[in-house]
$ cat final03.txt   # compact mmCIF, C-alpha atoms
# COMPACT_ATOMS: atom_id res chain seq x y z
CA MET A 1 81.93 60.04 110.82
CA ASP A 2 78.81 62.17 111.37
CA PHE A 3 78.28 64.23 108.23
CA ARG A 4 75.04 65.92 109.33
CA ARG A 5 76.59 69.23 110.35
CA LEU A 6 78.87 69.34 107.33
CA LYS A 7 76.02 68.31 105.01
CA ALA A 8 73.88 71.22 106.28
CA GLN A 9 76.78 73.62 105.66
CA MET A 10 77.32 72.25 102.18
CA ASP A 11 73.62 72.46 101.32
CA PHE A 12 73.72 76.11 102.36
CA ILE A 13 76.84 76.71 100.24
CA VAL A 14 75.03 75.18 97.25
CA GLU A 15 71.89 77.24 97.97
CA ILE A 16 73.75 80.56 98.05
CA ASP A 17 75.12 79.86 94.58
CA LYS A 18 71.78 81.45 93.61
CA LEU A 19 73.18 84.86 94.62
CA LYS A 20 75.00 84.76 91.27
CA GLN A 21 71.59 85.09 89.59
CA VAL A 22 70.32 88.13 91.49
CA LEU A 23 70.87 91.08 89.16
CA ARG A 24 71.38 94.62 90.40
CA GLN A 25 70.57 97.86 88.55
CA THR A 26 74.24 98.82 88.31
CA PHE A 27 76.38 97.87 85.31
CA THR A 28 79.85 96.35 85.50
CA ILE A 29 82.54 98.82 84.46
CA HIS A 30 84.30 96.88 81.73
CA GLU A 31 81.43 94.87 80.26
CA ASP A 32 78.00 96.17 79.25
CA ARG A 33 75.80 94.07 81.52
CA HIS A 34 74.16 94.19 84.94
CA GLU A 35 76.22 93.26 87.96
CA ASN A 36 74.97 90.46 90.20
CA ASP A 37 74.92 90.24 94.00
CA ALA A 38 77.76 87.70 94.27
CA GLU A 39 80.11 89.92 92.24
CA HIS A 40 79.02 92.98 94.24
CA SER A 41 79.66 91.16 97.54
CA TRP A 42 83.13 90.08 96.40
CA HIS A 43 83.94 93.65 95.43
CA LEU A 44 82.82 94.97 98.84
CA ALA A 45 84.89 92.40 100.73
CA ALA A 46 88.01 93.32 98.75
CA MET A 47 87.28 97.02 99.34
CA ALA A 48 86.87 96.36 103.07
CA PHE A 49 90.43 95.22 103.51
CA LEU A 50 91.92 97.69 101.04
CA LEU A 51 90.19 100.71 102.58
CA ASP A 52 89.79 99.94 106.30
CA GLU A 53 92.61 102.37 107.16
CA HIS A 54 90.18 105.17 106.22
CA ALA A 55 87.50 104.15 108.72
CA GLU A 56 86.83 106.67 111.48
CA TYR A 57 86.71 103.88 114.08
CA ASP A 58 89.69 102.65 116.12
CA GLY A 59 89.86 98.90 116.54
CA LEU A 60 87.43 98.15 113.73
CA ASP A 61 86.79 94.39 113.55
CA LEU A 62 87.71 93.89 109.89
CA LEU A 63 86.88 90.19 109.89
CA LYS A 64 83.35 91.05 111.01
CA VAL A 65 83.02 93.71 108.29
CA MET A 66 84.11 91.16 105.69
CA ARG A 67 81.71 88.48 106.94
CA MET A 68 78.96 91.08 106.94
CA VAL A 69 79.45 92.26 103.36
CA LEU A 70 79.82 88.68 102.10
CA VAL A 71 76.38 87.73 103.48
CA HIS A 72 74.47 91.04 103.48
CA ASP A 73 72.60 90.35 100.24
CA ILE A 74 71.86 86.64 100.70
CA VAL A 75 68.23 87.43 101.61
CA GLU A 76 67.81 88.75 98.07
CA ILE A 77 67.90 85.15 96.79
CA ASP A 78 64.26 85.01 97.85
CA ALA A 79 63.41 88.69 98.25
CA GLY A 80 65.02 90.02 95.06
CA ASP A 81 67.04 93.20 94.68
CA THR A 82 65.19 96.38 95.65
CA TYR A 83 66.44 99.31 93.59
CA CYS A 84 67.52 102.04 95.98
CA TYR A 85 66.00 104.88 93.93
CA ALA A 86 62.67 103.16 93.24
CA ASP A 87 59.50 103.73 95.26
CA TRP A 88 59.03 100.88 97.67
CA ASP A 89 57.24 100.22 100.92
CA PRO A 90 59.92 99.81 103.63
CA GLU A 91 57.65 97.63 105.77
CA GLU A 92 56.84 95.30 102.90
CA LYS A 93 60.54 95.09 101.98
CA ALA A 94 61.52 94.33 105.59
CA GLU A 95 58.85 91.63 105.84
CA ARG A 96 59.94 90.05 102.54
CA GLU A 97 63.59 90.04 103.54
CA THR A 98 62.91 88.74 107.04
CA ARG A 99 60.97 85.82 105.56
CA ALA A 100 63.94 85.14 103.29
CA ALA A 101 66.39 85.29 106.20
CA ASP A 102 64.16 82.90 108.19
CA ARG A 103 64.25 80.32 105.41
CA ILE A 104 67.79 80.60 104.09
CA PHE A 105 69.84 80.99 107.28
CA ALA A 106 67.86 78.16 108.91
CA MET A 107 69.50 75.74 106.48
CA LEU A 108 72.70 76.09 108.53
CA PRO A 109 73.45 74.43 111.90
CA ALA A 110 71.72 76.50 114.62
CA ASP A 111 74.84 78.31 115.87
CA GLN A 112 75.81 79.45 112.39
CA ALA A 113 72.23 80.32 111.45
CA GLN A 114 72.18 82.59 114.50
CA GLU A 115 75.58 84.08 113.61
CA LEU A 116 74.56 84.96 110.05
CA ARG A 117 71.23 86.33 111.19
CA SER A 118 73.04 88.57 113.71
CA LEU A 119 75.43 89.80 111.03
CA TRP A 120 72.54 90.63 108.73
CA ASP A 121 70.53 92.31 111.51
CA GLU A 122 73.58 94.35 112.48
CA PHE A 123 74.15 95.41 108.87
CA GLU A 124 70.51 96.44 108.51
CA GLY A 125 70.59 98.33 111.81
CA HIS A 126 73.80 100.18 110.87
CA ASN A 127 74.52 101.50 114.34
CA THR A 128 77.83 99.78 115.11
CA PRO A 129 81.26 100.76 113.69
CA GLU A 130 81.44 97.56 111.61
CA SER A 131 77.96 97.90 110.11
CA ARG A 132 78.45 101.62 109.44
CA PHE A 133 81.67 100.93 107.57
CA ALA A 134 80.03 98.03 105.70
CA VAL A 135 77.09 100.26 104.71
CA ALA A 136 79.52 102.99 103.59
CA LEU A 137 81.21 100.50 101.23
CA ASP A 138 77.80 99.32 100.01
CA ARG A 139 77.00 102.94 99.05
CA LEU A 140 80.42 103.74 97.59
CA GLN A 141 80.77 100.69 95.31
CA PRO A 142 77.71 101.36 93.11
CA LEU A 143 78.76 105.03 92.92
CA LEU A 144 82.08 103.87 91.43
CA LEU A 145 80.29 101.61 88.96
CA ASN A 146 77.89 104.36 87.94
CA TYR A 147 80.64 106.94 87.64
CA TYR A 148 82.84 104.71 85.50
CA THR A 149 79.98 103.68 83.20
CA ASP A 150 79.16 107.33 82.50
CA GLY A 151 76.15 107.22 84.79
CA LYS A 152 74.43 104.47 82.80
CA SER A 153 71.98 103.29 85.45
CA TRP A 154 71.43 106.87 86.69
CA SER A 155 70.43 107.88 83.20
CA ILE A 156 68.11 104.87 82.69
CA HIS A 157 66.27 105.73 85.90
CA GLY A 158 66.53 109.53 85.73
CA VAL A 159 68.37 109.75 89.05
CA THR A 160 69.20 113.26 90.32
CA ARG A 161 72.28 114.57 92.06
CA GLN A 162 70.27 115.14 95.23
CA GLN A 163 69.12 111.52 95.26
CA VAL A 164 72.72 110.32 94.97
CA MET A 165 73.88 112.72 97.70
CA GLU A 166 71.19 111.40 100.06
CA ARG A 167 72.11 107.82 99.18
CA ILE A 168 75.81 108.30 99.94
CA ALA A 169 75.27 110.43 103.08
CA PRO A 170 76.01 107.49 105.46
CA ILE A 171 79.59 107.35 104.13
CA LYS A 172 80.39 110.60 105.99
CA ASP A 173 80.16 109.19 109.52
CA ALA A 174 82.08 106.02 108.61
CA SER A 175 84.96 107.68 106.77
CA LEU A 176 85.62 111.33 106.06
CA ALA A 177 88.20 110.41 103.42
CA LEU A 178 85.84 108.10 101.52
CA TRP A 179 83.12 110.73 101.86
CA GLU A 180 85.32 113.45 100.31
CA TYR A 181 86.24 111.06 97.52
CA ALA A 182 82.64 110.07 96.87
CA ARG A 183 81.55 113.72 96.84
CA SER A 184 84.26 114.59 94.33
CA LEU A 185 82.93 111.90 91.97
CA VAL A 186 79.38 113.24 92.29
CA ASP A 187 80.58 116.81 91.65
CA ASP A 188 82.47 115.69 88.57
CA ALA A 189 79.55 113.59 87.34
CA ALA A 190 77.22 116.56 87.74
CA GLN A 191 79.62 118.88 85.90
CA ARG A 192 79.80 116.41 83.05
CA GLY A 193 76.01 116.29 82.90
CA LEU A 194 75.74 112.66 84.04
CA LEU A 195 73.46 113.69 86.91
CA MET B 196 93.64 116.58 101.81
CA ASP B 197 96.11 114.39 99.93
CA PHE B 198 94.09 112.02 97.79
CA ARG B 199 97.04 110.28 96.11
CA ARG B 200 97.03 107.17 98.28
CA LEU B 201 93.24 106.88 98.19
CA LYS B 202 93.18 107.54 94.44
CA ALA B 203 95.64 104.67 93.85
CA GLN B 204 93.46 102.36 95.95
CA MET B 205 90.34 103.41 94.07
CA ASP B 206 92.00 102.94 90.68
CA PHE B 207 92.91 99.41 91.75
CA ILE B 208 89.34 98.77 92.92
CA VAL B 209 88.07 99.91 89.51
CA GLU B 210 90.70 97.79 87.71
CA ILE B 211 89.75 94.58 89.53
CA ASP B 212 86.15 95.01 88.38
CA LYS B 213 87.56 93.18 85.33
CA LEU B 214 87.63 89.96 87.37
CA LYS B 215 83.88 89.81 86.71
CA GLN B 216 84.73 89.17 83.03
CA VAL B 217 87.14 86.27 83.52
CA LEU B 218 85.13 83.15 82.78
CA ARG B 219 85.92 79.76 84.28
CA GLN B 220 85.16 76.34 82.83
CA THR B 221 82.70 75.52 85.64
CA PHE B 222 78.99 76.27 85.34
CA THR B 223 76.88 77.97 88.01
CA ILE B 224 74.51 75.54 89.69
CA HIS B 225 71.20 77.28 89.18
CA GLU B 226 71.76 79.00 85.84
CA ASP B 227 73.19 77.45 82.68
CA ARG B 228 76.24 79.67 82.16
CA HIS B 229 79.93 79.80 83.01
CA GLU B 230 80.95 81.10 86.42
CA ASN B 231 83.34 84.05 86.56
CA ASP B 232 86.31 84.64 88.86
CA ALA B 233 84.64 87.31 91.00
CA GLU B 234 81.69 85.02 91.78
CA HIS B 235 84.06 82.14 92.46
CA SER B 236 86.15 84.28 94.82
CA TRP B 237 83.04 85.41 96.72
CA HIS B 238 81.94 81.80 97.09
CA LEU B 239 85.35 80.76 98.46
CA ALA B 240 85.40 83.60 101.01
CA ALA B 241 81.95 82.63 102.29
CA MET B 242 83.04 78.97 102.44
CA ALA B 243 86.17 79.97 104.39
CA PHE B 244 84.23 81.32 107.32
CA LEU B 245 81.49 78.69 107.17
CA LEU B 246 83.91 75.75 107.08
CA ASP B 247 87.01 76.87 109.01
CA GLU B 248 86.03 74.66 111.97
CA HIS B 249 86.94 71.68 109.76
CA ALA B 250 90.53 72.81 109.13
CA GLU B 251 93.22 70.53 110.57
CA TYR B 252 95.20 73.55 111.81
CA ASP B 253 94.86 75.12 115.28
CA GLY B 254 94.89 78.89 115.32
CA LEU B 255 94.22 79.25 111.60
CA ASP B 256 94.27 82.94 110.63
CA LEU B 257 90.82 83.12 109.05
CA LEU B 258 91.18 86.77 108.03
CA LYS B 259 94.29 85.85 106.06
CA VAL B 260 92.51 82.94 104.37
CA MET B 261 89.69 85.27 103.37
CA ARG B 262 92.04 87.95 102.01
CA MET B 263 93.89 85.23 100.11
CA VAL B 264 90.85 83.73 98.39
CA LEU B 265 89.48 87.18 97.55
CA VAL B 266 92.66 88.11 95.64
CA HIS B 267 94.01 84.72 94.48
CA ASP B 268 92.63 85.01 90.94
CA ILE B 269 93.28 88.72 90.30
CA VAL B 270 96.30 87.86 88.12
CA GLU B 271 93.86 86.17 85.71
CA ILE B 272 92.65 89.63 84.64
CA ASP B 273 95.75 89.70 82.43
CA ALA B 274 96.77 86.04 82.39
CA GLY B 275 93.33 84.47 81.80
CA ASP B 276 91.92 81.37 83.45
CA THR B 277 93.98 78.22 82.90
CA TYR B 278 91.74 75.16 82.87
CA CYS B 279 93.04 72.75 85.46
CA TYR B 280 92.55 69.65 83.29
CA ALA B 281 94.02 71.12 80.12
CA ASP B 282 97.61 70.61 78.98
CA TRP B 283 99.66 73.65 79.81
CA ASP B 284 103.27 74.55 80.37
CA PRO B 285 103.67 75.34 84.09
CA GLU B 286 106.64 77.62 83.45
CA GLU B 287 104.82 79.61 80.81
CA LYS B 288 101.77 79.92 83.09
CA ALA B 289 103.93 81.06 86.02
CA GLU B 290 105.66 83.64 83.84
CA ARG B 291 102.35 84.94 82.47
CA GLU B 292 100.84 85.21 85.95
CA THR B 293 103.94 86.83 87.46
CA ARG B 294 103.86 89.50 84.75
CA ALA B 295 100.20 90.09 85.60
CA ALA B 296 100.95 90.34 89.33
CA ASP B 297 103.76 92.81 88.59
CA ARG B 298 101.44 95.10 86.67
CA ILE B 299 98.20 94.86 88.65
CA PHE B 300 99.41 94.87 92.27
CA ALA B 301 101.79 97.75 91.47
CA MET B 302 98.75 99.99 91.00
CA LEU B 303 98.35 100.00 94.80
CA PRO B 304 100.43 102.00 97.30
CA ALA B 305 103.73 100.13 97.85
CA ASP B 306 102.83 98.59 101.24
CA GLN B 307 99.56 97.17 99.93
CA ALA B 308 101.13 96.05 96.65
CA GLN B 309 103.63 94.08 98.72
CA GLU B 310 100.87 92.68 100.96
CA LEU B 311 98.79 91.41 98.04
CA ARG B 312 101.82 90.01 96.29
CA SER B 313 102.75 88.11 99.47
CA LEU B 314 99.23 86.74 99.79
CA TRP B 315 99.30 85.56 96.20
CA ASP B 316 102.78 84.06 96.51
CA GLU B 317 101.72 82.27 99.69
CA PHE B 318 98.61 80.90 97.98
CA GLU B 319 100.65 79.66 95.03
CA GLY B 320 103.26 78.09 97.34
CA HIS B 321 100.59 76.31 99.43
CA ASN B 322 102.91 75.37 102.26
CA THR B 323 101.35 77.32 105.15
CA PRO B 324 98.14 76.38 107.03
CA GLU B 325 96.28 79.36 105.58
CA SER B 326 97.30 78.71 101.98
CA ARG B 327 96.64 74.98 102.29
CA PHE B 328 93.15 75.62 103.57
CA ALA B 329 92.58 78.25 100.85
CA VAL B 330 93.75 75.81 98.17
CA ALA B 331 91.48 73.10 99.63
CA LEU B 332 88.48 75.41 99.23
CA ASP B 333 89.60 76.31 95.71
CA ARG B 334 89.53 72.59 94.83
CA LEU B 335 86.29 71.82 96.68
CA GLN B 336 84.15 74.62 95.24
CA PRO B 337 84.38 73.62 91.54
CA LEU B 338 83.75 70.00 92.60
CA LEU B 339 80.46 71.16 94.16
CA LEU B 340 79.55 73.09 91.00
CA ASN B 341 80.39 70.14 88.77
CA TYR B 342 78.55 67.68 90.98
CA TYR B 343 75.40 69.78 91.15
CA THR B 344 75.35 70.45 87.39
CA ASP B 345 75.50 66.71 86.69
CA GLY B 346 79.16 66.91 85.73
CA LYS B 347 78.57 69.37 82.91
CA SER B 348 82.12 70.69 82.52
CA TRP B 349 83.58 67.20 83.21
CA SER B 350 81.54 65.83 80.36
CA ILE B 351 82.46 68.65 77.94
CA HIS B 352 86.17 68.03 78.59
CA GLY B 353 86.05 64.24 79.05
CA VAL B 354 87.47 64.43 82.56
CA THR B 355 88.11 61.12 84.35
CA ARG B 356 87.57 60.12 87.95
CA GLN B 357 91.33 59.78 88.42
CA GLN B 358 91.93 63.32 87.19
CA VAL B 359 89.40 64.65 89.70
CA MET B 360 90.90 62.59 92.53
CA GLU B 361 94.35 64.00 91.76
CA ARG B 362 92.93 67.51 91.58
CA ILE B 363 91.22 67.28 94.98
CA ALA B 364 94.10 65.46 96.71
CA PRO B 365 95.35 68.65 98.49
CA ILE B 366 92.07 68.81 100.44
CA LYS B 367 93.16 65.80 102.51
CA ASP B 368 95.98 67.55 104.40
CA ALA B 369 93.93 70.68 105.03
CA SER B 370 90.78 69.00 106.29
CA LEU B 371 89.97 65.33 106.71
CA ALA B 372 86.26 66.11 106.99
CA LEU B 373 86.16 68.09 103.75
CA TRP B 374 88.23 65.39 102.10
CA GLU B 375 85.80 62.65 103.10
CA TYR B 376 82.93 64.77 101.87
CA ALA B 377 84.63 65.55 98.56
CA ARG B 378 85.45 61.88 98.04
CA SER B 379 81.85 60.88 98.69
CA LEU B 380 80.72 63.27 95.93
CA VAL B 381 83.26 61.80 93.49
CA ASP B 382 82.17 58.25 94.38
CA ASP B 383 78.54 59.14 93.84
CA ALA B 384 79.30 60.97 90.58
CA ALA B 385 81.23 57.95 89.30
CA GLN B 386 78.41 55.58 90.27
CA ARG B 387 75.95 57.78 88.39
CA GLY B 388 78.20 57.69 85.33
CA LEU B 389 79.09 61.40 85.49
CA LEU B 390 82.80 60.55 85.59
$ encode --input "final03.txt" --output "structure tokens"
Amino acid sequence: MDFRRLKAQMDFIVEIDKLKQVLRQTFTIHEDRHENDAEHSWHLAAMAFLLDEHAEYDGLDLLKVMRMVLVHDIVEIDAGDTYCYADWDPEEKAERETRAADRIFAMLPADQAQELRSLWDEFEGHNTPESRFAVALDRLQPLLLNYYTDGKSWSIHGVTRQQVMERIAPIKDASLALWEYARSLVDDAAQRGLL
Amino acid sequence: MDFRRLKAQMDFIVEIDKLKQVLRQTFTIHEDRHENDAEHSWHLAAMAFLLDEHAEYDGLDLLKVMRMVLVHDIVEIDAGDTYCYADWDPEEKAERETRAADRIFAMLPADQAQELRSLWDEFEGHNTPESRFAVALDRLQPLLLNYYTDGKSWSIHGVTRQQVMERIAPIKDASLALWEYARSLVDDAAQRGLL
């Protein structure tokens, strides 16, 4: 039996174990510690299939959304997590992440390397129904974590209500229901002085 | 707008954040610490769509496999992780996990509660193509983690080669290729004295 293709897939699966080490600025809700990218990606994938009925798009390809959220942060194994409210150079970030994508996805057999690269490019471009819904979940999930930890990472970084509203704006096009929900959390957080 | 359905879904999404606290006996490959159930579930979902070509079943419903692996450990939020090589009473474990499923899935709207319960029941029954492939991944992933941490959790618990071979036996029906690969890791681990 020719194990070369399978070996490449397995080496990739071992490599992406590193996503469990990439810490985010958000805190987990029930334990006082930073969340990592693997946990975040799991949460998004579960949210995708629990919440897809609220997407504004008919015929949404849920399997594609789930693939997308499961791999969207893999580039951060090399490129690190960029905090959304920090000052950063978008060109430098894009270059760093593209270099990471070039190295990591290339570990896979060519057809799968291409598939994952396309998923990641589509997510970053967010101009298809699937990527817009995936991005909406990626904005909603940290809002939930922040809200349910009494704004812990907002308070550490002095984040304002306006910054959060700008950050969650893409949810509106993807899902009016999720947008209304997200806005109600921000309103409540602001009233309680968390923002 | 009636938020009741969405609120129930969101409360469930917040509840399952606790999966990030449920520690397993396996260690992450690149960091010397126990893996948790959320990370494990993310890893399985990524493996599902990277490795589904190796499944022995035509027309495998990949989306179902991915849903299944994403939720298969949620009952452990209440029931805790049961170490596969420890002595435990299967009836007591089943009772504990069923109680957990009753409580946690019931947080969702009835149709989704039923859907997740079915997915979990199907996974536990492992007699459909999707559940057999999901179980195969659930046996393969900790083998990878053990192999690439030089058998760390095997050594802590004094696990034997025969115990591992019995544990990974269900991989054979689901995928001959994954089975051959898994067996080659066990052979190599045994030769290196890790088992």
$ atom_distance --input "final03.txt" --atom1 "CA of Glu122 in chain A" --atom2 "CA of Arg96 in chain A"
17.4 Å
$ residues_near_point --input "final03.txt" --point "(85.7, 75.7, 112.0)" --cutoff "12 Å" --atoms "all atoms listed in the file" --output "PyMOL selection string"
(chain A and resi 5-6+9+111-112) or (chain B and resi 242-257+328+369-370+372-373)
$ axis_aligned_box --input "final03.txt" --around "range 299-317 of chain B" --padding-each-side "3 Å" --output "lines of an AutoDock Vina configuration file"
center_x = 101.0
center_y = 92.1
center_z = 94.9
size_x = 11.5
size_y = 25.7
size_z = 18.6
$ residues_around --input "final03.txt" --residues "Ala189 in chain A" --least-positions-apart "5" --cutoff "8 Å" --atoms "only C-alpha atoms" --output "tab-separated table (two decimals) with C-alpha atoms, keeping the file's coordinate frame"
chain	number	residue	atom	x	y	z
A	147	TYR	CA	80.64	106.94	87.64
A	150	ASP	CA	79.16	107.33	82.50
A	151	GLY	CA	76.15	107.22	84.79
A	194	LEU	CA	75.74	112.66	84.04
A	195	LEU	CA	73.46	113.69	86.91
$ interface_residues --input "final03.txt" --of "chain A" --to "chain B" --cutoff "7 Å" --atoms "all atoms listed in the file" --output "mmCIF file with C-alpha atoms, in the coordinates of the input"
data_model
loop_
_atom_site.group_PDB
_atom_site.id
_atom_site.type_symbol
_atom_site.label_atom_id
_atom_site.label_comp_id
_atom_site.auth_asym_id
_atom_site.auth_seq_id
_atom_site.Cartn_x
_atom_site.Cartn_y
_atom_site.Cartn_z
ATOM 1 C CA ILE A 13 76.840 76.710 100.240
ATOM 2 C CA ASP A 17 75.120 79.860 94.580
ATOM 3 C CA LYS A 18 71.780 81.450 93.610
ATOM 4 C CA LYS A 20 75.000 84.760 91.270
ATOM 5 C CA ILE A 29 82.540 98.820 84.460
ATOM 6 C CA HIS A 30 84.300 96.880 81.730
ATOM 7 C CA ALA A 38 77.760 87.700 94.270
ATOM 8 C CA GLU A 39 80.110 89.920 92.240
ATOM 9 C CA SER A 41 79.660 91.160 97.540
ATOM 10 C CA TRP A 42 83.130 90.080 96.400
ATOM 11 C CA ALA A 46 88.010 93.320 98.750
ATOM 12 C CA MET A 47 87.280 97.020 99.340
ATOM 13 C CA LEU A 63 86.880 90.190 109.890
ATOM 14 C CA LEU A 70 79.820 88.680 102.100
#
$ atom_distance --input "final03.txt" --atom1 "CA of Phe27 in chain A" --atom2 "CA of Ala86 in chain A"
16.7 Å
$ residues_around --input "final03.txt" --residues "His157 in chain A" --least-positions-apart "4" --cutoff "12 Å" --atoms "only C-alpha atoms" --output "JSON, numbers by chain"
{"A": [25, 26, 83, 84, 85, 86, 87, 146, 151, 152, 153, 163, 194, 195]}
$ residues_around --input "final03.txt" --residues "Val330 in chain B" --least-positions-apart "6" --cutoff "8 Å" --atoms "all atoms listed in the file" --output "NGL selection string"
:B and (318 or 321 or 365-366)
$ atom_distance --input "final03.txt" --atom1 "CA of Leu338 in chain B" --atom2 "CA of Gln357 in chain B"
13.4 Å
$ decode --input "final03.txt" --residues "range 264-282 of chain B" --atoms "N, CA and C atoms" --output "PDB file, in the first residue's frame"
ATOM      1  N   VAL B 264     -19.019  14.358  15.613  1.00  0.00           N
ATOM      2  CA  VAL B 264     -17.787  14.485  16.395  1.00  0.00           C
ATOM      3  C   VAL B 264     -17.758  15.806  17.170  1.00  0.00           C
ATOM      4  N   LEU B 265     -18.424  16.826  16.653  1.00  0.00           N
ATOM      5  CA  LEU B 265     -18.439  18.113  17.369  1.00  0.00           C
ATOM      6  C   LEU B 265     -19.254  18.046  18.666  1.00  0.00           C
ATOM      7  N   VAL B 266     -20.240  17.145  18.710  1.00  0.00           N
ATOM      8  CA  VAL B 266     -21.103  17.083  19.907  1.00  0.00           C
ATOM      9  C   VAL B 266     -20.911  15.809  20.735  1.00  0.00           C
ATOM     10  N   HIS B 267     -20.061  14.857  20.262  1.00  0.00           N
ATOM     11  CA  HIS B 267     -20.053  13.533  20.893  1.00  0.00           C
ATOM     12  C   HIS B 267     -19.608  13.553  22.352  1.00  0.00           C
ATOM     13  N   ASP B 268     -18.857  14.578  22.758  1.00  0.00           N
ATOM     14  CA  ASP B 268     -18.361  14.595  24.140  1.00  0.00           C
ATOM     15  C   ASP B 268     -19.100  15.575  25.045  1.00  0.00           C
ATOM     16  N   ILE B 269     -20.129  16.240  24.519  1.00  0.00           N
ATOM     17  CA  ILE B 269     -20.816  17.274  25.303  1.00  0.00           C
ATOM     18  C   ILE B 269     -21.363  16.718  26.628  1.00  0.00           C
ATOM     19  N   VAL B 270     -21.794  15.454  26.626  1.00  0.00           N
ATOM     20  CA  VAL B 270     -22.304  14.863  27.876  1.00  0.00           C
ATOM     21  C   VAL B 270     -21.240  14.859  28.981  1.00  0.00           C
ATOM     22  N   GLU B 271     -19.966  14.934  28.590  1.00  0.00           N
ATOM     23  CA  GLU B 271     -18.898  14.896  29.603  1.00  0.00           C
ATOM     24  C   GLU B 271     -18.819  16.180  30.431  1.00  0.00           C
ATOM     25  N   ILE B 272     -19.545  17.218  29.999  1.00  0.00           N
ATOM     26  CA  ILE B 272     -19.637  18.434  30.821  1.00  0.00           C
ATOM     27  C   ILE B 272     -20.165  18.070  32.209  1.00  0.00           C
ATOM     28  N   ASP B 273     -21.176  17.216  32.247  1.00  0.00           N
ATOM     29  CA  ASP B 273     -21.696  16.744  33.546  1.00  0.00           C
ATOM     30  C   ASP B 273     -21.058  15.423  33.969  1.00  0.00           C
ATOM     31  N   ALA B 274     -20.830  14.536  33.006  1.00  0.00           N
ATOM     32  CA  ALA B 274     -20.462  13.157  33.349  1.00  0.00           C
ATOM     33  C   ALA B 274     -18.950  12.974  33.513  1.00  0.00           C
ATOM     34  N   GLY B 275     -18.151  13.945  33.048  1.00  0.00           N
ATOM     35  CA  GLY B 275     -16.699  13.838  33.145  1.00  0.00           C
ATOM     36  C   GLY B 275     -16.148  12.869  32.114  1.00  0.00           C
ATOM     37  N   ASP B 276     -14.841  12.971  31.881  1.00  0.00           N
ATOM     38  CA  ASP B 276     -14.183  12.079  30.932  1.00  0.00           C
ATOM     39  C   ASP B 276     -13.901  10.743  31.621  1.00  0.00           C
ATOM     40  N   THR B 277     -14.266   9.653  30.948  1.00  0.00           N
ATOM     41  CA  THR B 277     -13.967   8.317  31.481  1.00  0.00           C
ATOM     42  C   THR B 277     -12.750   7.794  30.732  1.00  0.00           C
ATOM     43  N   TYR B 278     -11.662   7.519  31.443  1.00  0.00           N
ATOM     44  CA  TYR B 278     -10.443   7.077  30.761  1.00  0.00           C
ATOM     45  C   TYR B 278     -10.657   5.688  30.191  1.00  0.00           C
ATOM     46  N   CYS B 279     -10.338   5.555  28.909  1.00  0.00           N
ATOM     47  CA  CYS B 279     -10.690   4.328  28.190  1.00  0.00           C
ATOM     48  C   CYS B 279      -9.992   3.090  28.751  1.00  0.00           C
ATOM     49  N   TYR B 280      -8.820   3.262  29.384  1.00  0.00           N
ATOM     50  CA  TYR B 280      -8.104   2.090  29.884  1.00  0.00           C
ATOM     51  C   TYR B 280      -8.305   1.867  31.382  1.00  0.00           C
ATOM     52  N   ALA B 281      -9.172   2.685  31.981  1.00  0.00           N
ATOM     53  CA  ALA B 281      -9.444   2.487  33.409  1.00  0.00           C
ATOM     54  C   ALA B 281     -10.544   1.441  33.571  1.00  0.00           C
ATOM     55  N   ASP B 282     -10.680   0.931  34.789  1.00  0.00           N
ATOM     56  CA  ASP B 282     -11.796   0.029  35.102  1.00  0.00           C
ATOM     57  C   ASP B 282     -13.019   0.870  35.385  1.00  0.00           C
TER      58      ASP B 282
END
